[in-house]
>>> print(open('my_file.csv').read())   # CSV, C-alpha atoms
chain,number,residue,atom,x,y,z
A,1,MET,CA,127.9,-248.7,9.2
A,2,THR,CA,129.4,-245.3,8.6
A,3,ALA,CA,127.9,-241.9,7.6
A,4,LYS,CA,128.7,-242.9,4.0
A,5,THR,CA,126.2,-245.8,4.2
A,6,ILE,CA,122.5,-245.9,5.2
A,7,ARG,CA,120.1,-248.7,5.9
A,8,ILE,CA,116.8,-248.6,4.1
A,9,ALA,CA,113.6,-250.6,4.1
A,10,SER,CA,112.2,-249.5,0.7
A,11,ILE,CA,111.6,-246.7,-1.8
A,12,LYS,CA,108.1,-245.8,-2.8
A,13,GLU,CA,108.2,-244.0,-6.1
A,14,SER,CA,105.2,-241.8,-5.6
A,15,SER,CA,102.8,-240.8,-2.8
A,16,LEU,CA,100.3,-238.1,-2.2
A,17,CYS,CA,100.0,-238.8,1.5
A,18,ASP,CA,103.5,-238.3,2.8
A,19,GLY,CA,103.9,-234.5,2.4
A,20,PRO,CA,102.9,-231.8,0.0
A,21,GLY,CA,102.5,-232.8,-3.6
A,22,CYS,CA,103.5,-236.0,-5.4
A,23,ARG,CA,106.6,-237.2,-3.6
A,24,THR,CA,109.0,-240.1,-3.5
A,25,VAL,CA,109.2,-241.7,-0.1
A,26,LEU,CA,112.3,-243.3,1.4
A,27,PHE,CA,111.6,-245.7,4.3
A,28,LEU,CA,114.6,-246.1,6.5
A,29,GLN,CA,115.3,-249.2,8.5
A,30,GLY,CA,115.3,-249.3,12.4
A,31,CYS,CA,113.1,-247.7,15.0
A,32,ASP,CA,113.4,-247.1,18.7
A,33,ILE,CA,109.9,-245.9,19.3
A,34,HIS,CA,107.6,-248.8,18.3
A,35,CYS,CA,104.3,-246.9,18.3
A,36,ASP,CA,101.1,-248.9,18.9
A,37,GLY,CA,99.4,-249.3,15.5
A,38,CYS,CA,102.5,-248.5,13.4
A,39,HIS,CA,101.9,-249.5,9.7
A,40,ASN,CA,105.7,-250.0,9.2
A,41,GLN,CA,106.5,-252.6,11.9
A,42,SER,CA,108.7,-254.4,9.4
A,43,THR,CA,111.1,-251.4,9.6
A,44,TRP,CA,111.7,-251.7,13.3
A,45,ASP,CA,114.7,-254.1,13.2
A,46,PRO,CA,117.8,-251.9,12.8
A,47,ASN,CA,119.6,-254.9,11.2
A,48,GLY,CA,116.9,-255.5,8.6
A,49,GLY,CA,116.5,-253.9,5.2
A,50,THR,CA,119.4,-253.2,2.8
A,51,GLU,CA,122.5,-251.1,3.4
A,52,TYR,CA,123.3,-248.6,0.7
A,53,ASP,CA,126.2,-246.4,-0.1
A,54,ILE,CA,124.7,-242.9,0.1
A,55,ASP,CA,126.0,-241.9,-3.3
A,56,ASP,CA,124.4,-245.0,-4.9
A,57,LEU,CA,121.1,-244.3,-3.0
A,58,CYS,CA,121.1,-240.8,-4.3
A,59,SER,CA,121.4,-242.0,-7.9
A,60,GLU,CA,118.6,-244.5,-7.4
A,61,ILE,CA,116.3,-241.8,-5.8
A,62,ARG,CA,117.1,-239.4,-8.7
A,63,ALA,CA,116.2,-242.1,-11.2
A,64,LYS,CA,112.9,-243.0,-9.4
A,65,SER,CA,111.8,-239.6,-8.4
A,66,CYS,CA,108.8,-238.2,-10.3
A,67,CYS,CA,109.3,-234.6,-9.3
A,68,ASN,CA,112.4,-234.0,-7.1
A,69,LYS,CA,110.3,-234.2,-3.9
A,70,LEU,CA,111.4,-236.7,-1.2
A,71,THR,CA,110.0,-237.6,2.1
A,72,ILE,CA,112.4,-239.4,4.5
A,73,SER,CA,110.4,-241.7,6.8
A,74,GLY,CA,110.9,-244.9,8.7
A,75,GLY,CA,111.4,-246.7,10.8
A,76,GLU,CA,112.9,-243.8,12.5
A,77,PRO,CA,115.2,-241.5,10.5
A,78,LEU,CA,116.9,-240.0,13.6
A,79,LEU,CA,118.5,-243.4,14.4
A,80,GLN,CA,120.7,-242.7,11.3
A,81,LYS,CA,120.9,-239.0,11.7
A,82,ASP,CA,124.5,-238.6,10.5
A,83,ALA,CA,123.7,-240.6,7.3
A,84,VAL,CA,120.4,-238.7,6.8
A,85,LEU,CA,122.3,-235.5,7.0
A,86,GLU,CA,124.8,-236.7,4.3
A,87,LEU,CA,121.8,-237.8,2.2
A,88,CYS,CA,120.1,-234.4,2.6
A,89,LYS,CA,123.3,-232.6,1.7
A,90,ALA,CA,123.6,-234.7,-1.5
A,91,LEU,CA,120.0,-234.0,-2.4
A,92,GLN,CA,119.9,-230.2,-1.8
A,93,ASP,CA,118.2,-229.7,-5.1
A,94,PHE,CA,115.2,-231.7,-3.8
A,95,ASP,CA,112.2,-230.5,-1.8
A,96,LEU,CA,112.9,-232.6,1.3
A,97,CYS,CA,110.5,-233.6,4.1
A,98,LEU,CA,111.5,-235.5,7.3
A,99,TYR,CA,109.0,-237.6,9.3
A,100,THR,CA,110.2,-238.5,12.8
A,101,GLY,CA,108.4,-239.9,15.8
A,102,HIS,CA,110.7,-237.9,18.1
A,103,ASP,CA,110.1,-234.4,19.5
A,104,SER,CA,111.2,-231.4,17.5
A,105,GLN,CA,114.0,-230.6,20.0
A,106,GLU,CA,115.7,-233.9,19.0
A,107,ILE,CA,116.1,-233.0,15.3
A,108,PRO,CA,119.6,-231.7,14.8
A,109,GLU,CA,119.7,-228.0,13.8
A,110,GLU,CA,122.1,-228.8,11.0
A,111,LEU,CA,119.6,-231.2,9.5
A,112,LEU,CA,116.9,-228.6,9.6
A,113,LYS,CA,119.0,-226.5,7.2
A,114,TYR,CA,118.3,-229.0,4.4
A,115,VAL,CA,114.7,-229.9,4.8
A,116,ARG,CA,111.7,-227.9,3.9
A,117,TYR,CA,109.1,-229.7,6.0
A,118,VAL,CA,109.2,-231.8,9.2
A,119,LYS,CA,106.5,-233.9,10.8
A,120,PHE,CA,107.3,-234.8,14.4
A,121,GLY,CA,105.9,-236.6,17.4
A,122,PRO,CA,105.0,-240.2,18.1
A,123,PHE,CA,102.1,-241.8,16.2
A,124,GLU,CA,99.1,-242.4,18.4
A,125,LYS,CA,96.7,-245.0,17.2
A,126,LYS,CA,93.8,-243.4,19.1
A,127,ASN,CA,94.3,-240.2,17.1
A,128,ILE,CA,94.8,-241.7,13.6
A,129,LEU,CA,94.0,-239.4,10.7
A,130,TYR,CA,92.0,-240.6,7.8
A,131,THR,CA,92.4,-237.5,5.7
A,132,GLY,CA,95.5,-235.6,4.7
A,133,TYR,CA,99.0,-236.9,5.4
A,134,TYR,CA,99.6,-240.3,7.1
A,135,GLY,CA,99.8,-240.0,10.9
A,136,SER,CA,97.8,-238.9,13.9
A,137,SER,CA,96.4,-235.6,15.1
A,138,ASN,CA,98.9,-235.2,17.9
A,139,GLN,CA,101.8,-235.0,15.4
A,140,THR,CA,102.9,-231.6,14.1
A,141,PHE,CA,103.6,-231.0,10.4
A,142,MET,CA,105.3,-227.7,9.6
A,143,GLU,CA,107.3,-225.9,7.0
A,144,VAL,CA,110.7,-225.0,8.3
A,145,LYS,CA,112.4,-223.6,5.2
A,146,LYS,CA,110.3,-221.6,2.7
A,147,ASP,CA,113.0,-221.0,0.1
A,148,ALA,CA,113.5,-224.7,-0.8
>>> encode(input="my_file.csv", output="structure tokens")
Amino acid sequence: MTAKTIRIASIKESSLCDGPGCRTVLFLQGCDIHCDGCHNQSTWDPNGGTEYDIDDLCSEIRAKSCCNKLTISGGEPLLQKDAVLELCKALQDFDLCLYTGHDSQEIPEELLKYVRYVKFGPFEKKNILYTGYYGSSNQTFMEVKKDA
């Protein structure tokens, strides 16, 4: 797989629980964290899902998006950080949100230039949230770019 391709699990056309507003959600394939209680265990296998050409995936996201807002989730997006960066560059006109189970220091600075929001930290089943965005109370959700 090159930075011109990306492996995805699925695309959810609209969600109100994966970042601000009604958003399309891209679930990437492959995870190296395997959080207890993960609701996306089917995305853990890095060889599962479907491999897409990034340009083709962008076209599909544009066709399915209800409002040019996209959350990139997983699996674990940072396992494909080069491909995610290319995807974000191609979708600069979108309001982008990145969900990662890794620490904020592990998110490449160049990637942060393209996303408006990030949610980071491992999911903790004991701290699950039943209101607001999917996740757990130990995770941090923040706006990193206000002019998106």
>>> residues_around(input="my_file.csv", residues="Gly101 of chain A", least_positions_apart="2", cutoff="6 Å", atoms="all atoms listed in the file", output="list in words")
Phe120, Gly121 and Pro122 of chain A
>>> residues_near_point(input="my_file.csv", point="(92.2, -242.9, 19.6)", cutoff="12 Å", atoms="only C-alpha atoms", output="number ranges by chain")
A: 36-37, 123-129, 135-138
>>> write_last_selection(input="my_file.csv", atoms="C-alpha atoms", output="PDB file, in the frame of the given file")
ATOM      1  CA  ASP A  36     101.100-248.900  18.900  1.00  0.00           C
ATOM      2  CA  GLY A  37      99.400-249.300  15.500  1.00  0.00           C
ATOM      3  CA  PHE A 123     102.100-241.800  16.200  1.00  0.00           C
ATOM      4  CA  GLU A 124      99.100-242.400  18.400  1.00  0.00           C
ATOM      5  CA  LYS A 125      96.700-245.000  17.200  1.00  0.00           C
ATOM      6  CA  LYS A 126      93.800-243.400  19.100  1.00  0.00           C
ATOM      7  CA  ASN A 127      94.300-240.200  17.100  1.00  0.00           C
ATOM      8  CA  ILE A 128      94.800-241.700  13.600  1.00  0.00           C
ATOM      9  CA  LEU A 129      94.000-239.400  10.700  1.00  0.00           C
ATOM     10  CA  GLY A 135      99.800-240.000  10.900  1.00  0.00           C
ATOM     11  CA  SER A 136      97.800-238.900  13.900  1.00  0.00           C
ATOM     12  CA  SER A 137      96.400-235.600  15.100  1.00  0.00           C
ATOM     13  CA  ASN A 138      98.900-235.200  17.900  1.00  0.00           C
TER      14      ASN A 138
END
>>> closest_residue(input="my_file.csv", among="A:Ile54, A:Asn47, A:Ser42, A:His34", to="Thr100 of chain A", atoms="only C-alpha atoms")
A:His34
>>> residues_around(input="my_file.csv", residues="segment 43-46 of chain A", least_positions_apart="5", cutoff="8 Å", atoms="only C-alpha atoms", output="list in words")
Arg7, Ala9, Phe27, Leu28, Gln29, Gly30, Cys31, Asp32, His34, Gly74 and Gly75 of chain A
>>> residues_around(input="my_file.csv", residues="Cys58 of chain A", least_positions_apart="4", cutoff="9 Å", atoms="only C-alpha atoms", output="list of chain:residue names")
A:Asp53, A:Ile54, A:Arg62, A:Ala63, A:Leu87, A:Ala90, A:Leu91
>>> write_last_selection(input="my_file.csv", atoms="C-alpha atoms", output="PDB file, keeping the file's coordinate frame")
ATOM      1  CA  ASP A  53     126.200-246.400  -0.100  1.00  0.00           C
ATOM      2  CA  ILE A  54     124.700-242.900   0.100  1.00  0.00           C
ATOM      3  CA  ARG A  62     117.100-239.400  -8.700  1.00  0.00           C
ATOM      4  CA  ALA A  63     116.200-242.100 -11.200  1.00  0.00           C
ATOM      5  CA  LEU A  87     121.800-237.800   2.200  1.00  0.00           C
ATOM      6  CA  ALA A  90     123.600-234.700  -1.500  1.00  0.00           C
ATOM      7  CA  LEU A  91     120.000-234.000  -2.400  1.00  0.00           C
TER       8      LEU A  91
END
>>> atom_distance(input="my_file.csv", atom1="atom CA of Asn68 of chain A", atom2="atom CA of Gly21 of chain A")
10.6 Å
>>> atom_distance(input="my_file.csv", atom1="atom CA of Pro108 of chain A", atom2="atom CA of Ser14 of chain A")
26.9 Å
>>> atom_distance(input="my_file.csv", atom1="atom CA of Thr5 of chain A", atom2="atom CA of Cys97 of chain A")
19.9 Å
>>> closest_residue(input="my_file.csv", among="A:Gly49, A:Lys146, A:Gly132, A:Ile107", to="Lys81 of chain A", atoms="all atoms listed in the file")
A:Ile107
>>> residues_around(input="my_file.csv", residues="Lys12 of chain A", least_positions_apart="2", cutoff="9 Å", atoms="all atoms listed in the file", output="ChimeraX atom specification")
/A:10,14-15,23-27,64
>>> residues_around(input="my_file.csv", residues="Ile61 of chain A", least_positions_apart="4", cutoff="8 Å", atoms="all atoms listed in the file", output="NGL selection string")
:A and (11 or 24 or 57 or 65)
>>> write_last_selection(input="my_file.csv", atoms="C-alpha atoms", output="JSON list (two decimals), in the coordinates of the input")
[["chain", "number", "residue", "atom", "x", "y", "z"],
["A", 11, "ILE", "CA", 111.60, -246.70, -1.80],
["A", 24, "THR", "CA", 109.00, -240.10, -3.50],
["A", 57, "LEU", "CA", 121.10, -244.30, -3.00],
["A", 65, "SER", "CA", 111.80, -239.60, -8.40]]
>>> closest_residue(input="my_file.csv", among="A:Tyr52, A:Tyr117, A:Leu16, A:Tyr134", to="Cys38 of chain A", atoms="only C-alpha atoms")
A:Tyr134
>>> closest_residue(input="my_file.csv", among="A:Gln105, A:Lys113, A:Met142, A:Glu76", to="Gln92 of chain A", atoms="only C-alpha atoms")
A:Lys113
>>> closest_residue(input="my_file.csv", among="A:Cys67, A:Cys35, A:Val144, A:Ile6", to="His102 of chain A", atoms="all atoms listed in the file")
A:Cys35
>>> closest_residue(input="my_file.csv", among="A:Ser104, A:Thr50, A:Gln80, A:Gln139", to="Lys4 of chain A", atoms="only C-alpha atoms")
A:Gln80
>>> build_atoms(input="my_file.csv", residues="segment 5-16 of chain A", atoms="all heavy atoms", output="tab-separated table (two decimals), in the coordinates of the input")
chain	number	residue	atom	x	y	z
A	5	THR	N	127.15	-244.75	4.52
A	5	THR	CA	126.20	-245.80	4.20
A	5	THR	C	124.90	-245.49	5.03
A	5	THR	O	124.94	-244.80	6.05
A	5	THR	CB	126.66	-247.20	4.51
A	5	THR	OG1	126.95	-247.31	5.90
A	5	THR	CG2	127.90	-247.53	3.68
A	6	ILE	N	123.80	-246.05	4.53
A	6	ILE	CA	122.50	-245.90	5.20
A	6	ILE	C	121.71	-247.15	4.99
A	6	ILE	O	121.82	-247.79	3.95
A	6	ILE	CB	121.80	-244.62	4.62
A	6	ILE	CG1	120.59	-244.22	5.46
A	6	ILE	CG2	121.45	-244.80	3.15
A	6	ILE	CD1	120.05	-242.83	5.13
A	7	ARG	N	120.93	-247.53	5.99
A	7	ARG	CA	120.10	-248.70	5.90
A	7	ARG	C	118.68	-248.36	5.61
A	7	ARG	O	118.08	-247.59	6.35
A	7	ARG	CB	120.23	-249.55	7.20
A	7	ARG	CG	119.61	-250.92	7.08
A	7	ARG	CD	120.04	-251.83	8.21
A	7	ARG	NE	121.42	-252.27	8.07
A	7	ARG	CZ	121.84	-253.29	7.33
A	7	ARG	NH1	120.98	-253.98	6.62
A	7	ARG	NH2	123.11	-253.62	7.29
A	8	ILE	N	118.16	-248.91	4.51
A	8	ILE	CA	116.80	-248.60	4.10
A	8	ILE	C	115.90	-249.80	4.08
A	8	ILE	O	116.39	-250.93	3.95
A	8	ILE	CB	116.75	-247.85	2.73
A	8	ILE	CG1	116.95	-248.83	1.57
A	8	ILE	CG2	117.76	-246.73	2.66
A	8	ILE	CD1	116.47	-248.29	0.24
A	9	ALA	N	114.60	-249.56	4.20
A	9	ALA	CA	113.60	-250.60	4.10
A	9	ALA	C	113.11	-250.68	2.63
A	9	ALA	O	113.05	-251.75	2.02
A	9	ALA	CB	112.45	-250.40	5.03
A	10	SER	N	112.78	-249.50	2.07
A	10	SER	CA	112.20	-249.50	0.70
A	10	SER	C	112.16	-248.03	0.19
A	10	SER	O	112.32	-247.07	0.94
A	10	SER	CB	110.86	-250.12	0.64
A	10	SER	OG	109.92	-249.38	1.40
A	11	ILE	N	111.88	-247.93	-1.10
A	11	ILE	CA	111.60	-246.70	-1.80
A	11	ILE	C	110.26	-246.76	-2.44
A	11	ILE	O	110.03	-247.69	-3.23
A	11	ILE	CB	112.69	-246.31	-2.81
A	11	ILE	CG1	114.07	-246.22	-2.17
A	11	ILE	CG2	112.34	-245.00	-3.52
A	11	ILE	CD1	115.21	-246.09	-3.18
A	12	LYS	N	109.38	-245.82	-2.13
A	12	LYS	CA	108.10	-245.80	-2.80
A	12	LYS	C	108.19	-244.62	-3.82
A	12	LYS	O	108.49	-243.49	-3.46
A	12	LYS	CB	106.98	-245.45	-1.78
A	12	LYS	CG	105.58	-245.45	-2.34
A	12	LYS	CD	104.57	-245.26	-1.21
A	12	LYS	CE	103.17	-245.33	-1.74
A	12	LYS	NZ	102.20	-245.20	-0.65
A	13	GLU	N	107.95	-244.94	-5.07
A	13	GLU	CA	108.20	-244.00	-6.10
A	13	GLU	C	107.28	-242.78	-6.12
A	13	GLU	O	107.69	-241.69	-6.51
A	13	GLU	CB	108.17	-244.68	-7.50
A	13	GLU	CG	109.36	-245.61	-7.67
A	13	GLU	CD	109.47	-246.19	-9.05
A	13	GLU	OE1	109.01	-245.54	-10.02
A	13	GLU	OE2	110.02	-247.29	-9.16
A	14	SER	N	106.03	-242.93	-5.68
A	14	SER	CA	105.20	-241.80	-5.60
A	14	SER	C	104.10	-241.94	-4.55
A	14	SER	O	103.57	-243.03	-4.34
A	14	SER	CB	104.49	-241.50	-6.98
A	14	SER	OG	103.61	-242.54	-7.32
A	15	SER	N	103.83	-240.84	-3.87
A	15	SER	CA	102.80	-240.80	-2.80
A	15	SER	C	102.22	-239.42	-2.74
A	15	SER	O	102.93	-238.42	-2.92
A	15	SER	CB	103.45	-241.16	-1.46
A	15	SER	OG	102.54	-240.92	-0.40
A	16	LEU	N	100.95	-239.35	-2.45
A	16	LEU	CA	100.30	-238.10	-2.20
A	16	LEU	C	99.94	-237.89	-0.75
A	16	LEU	O	99.34	-236.89	-0.38
A	16	LEU	CB	98.98	-238.01	-3.05
A	16	LEU	CG	99.16	-238.02	-4.56
A	16	LEU	CD1	97.81	-238.15	-5.27
A	16	LEU	CD2	99.88	-236.78	-5.03
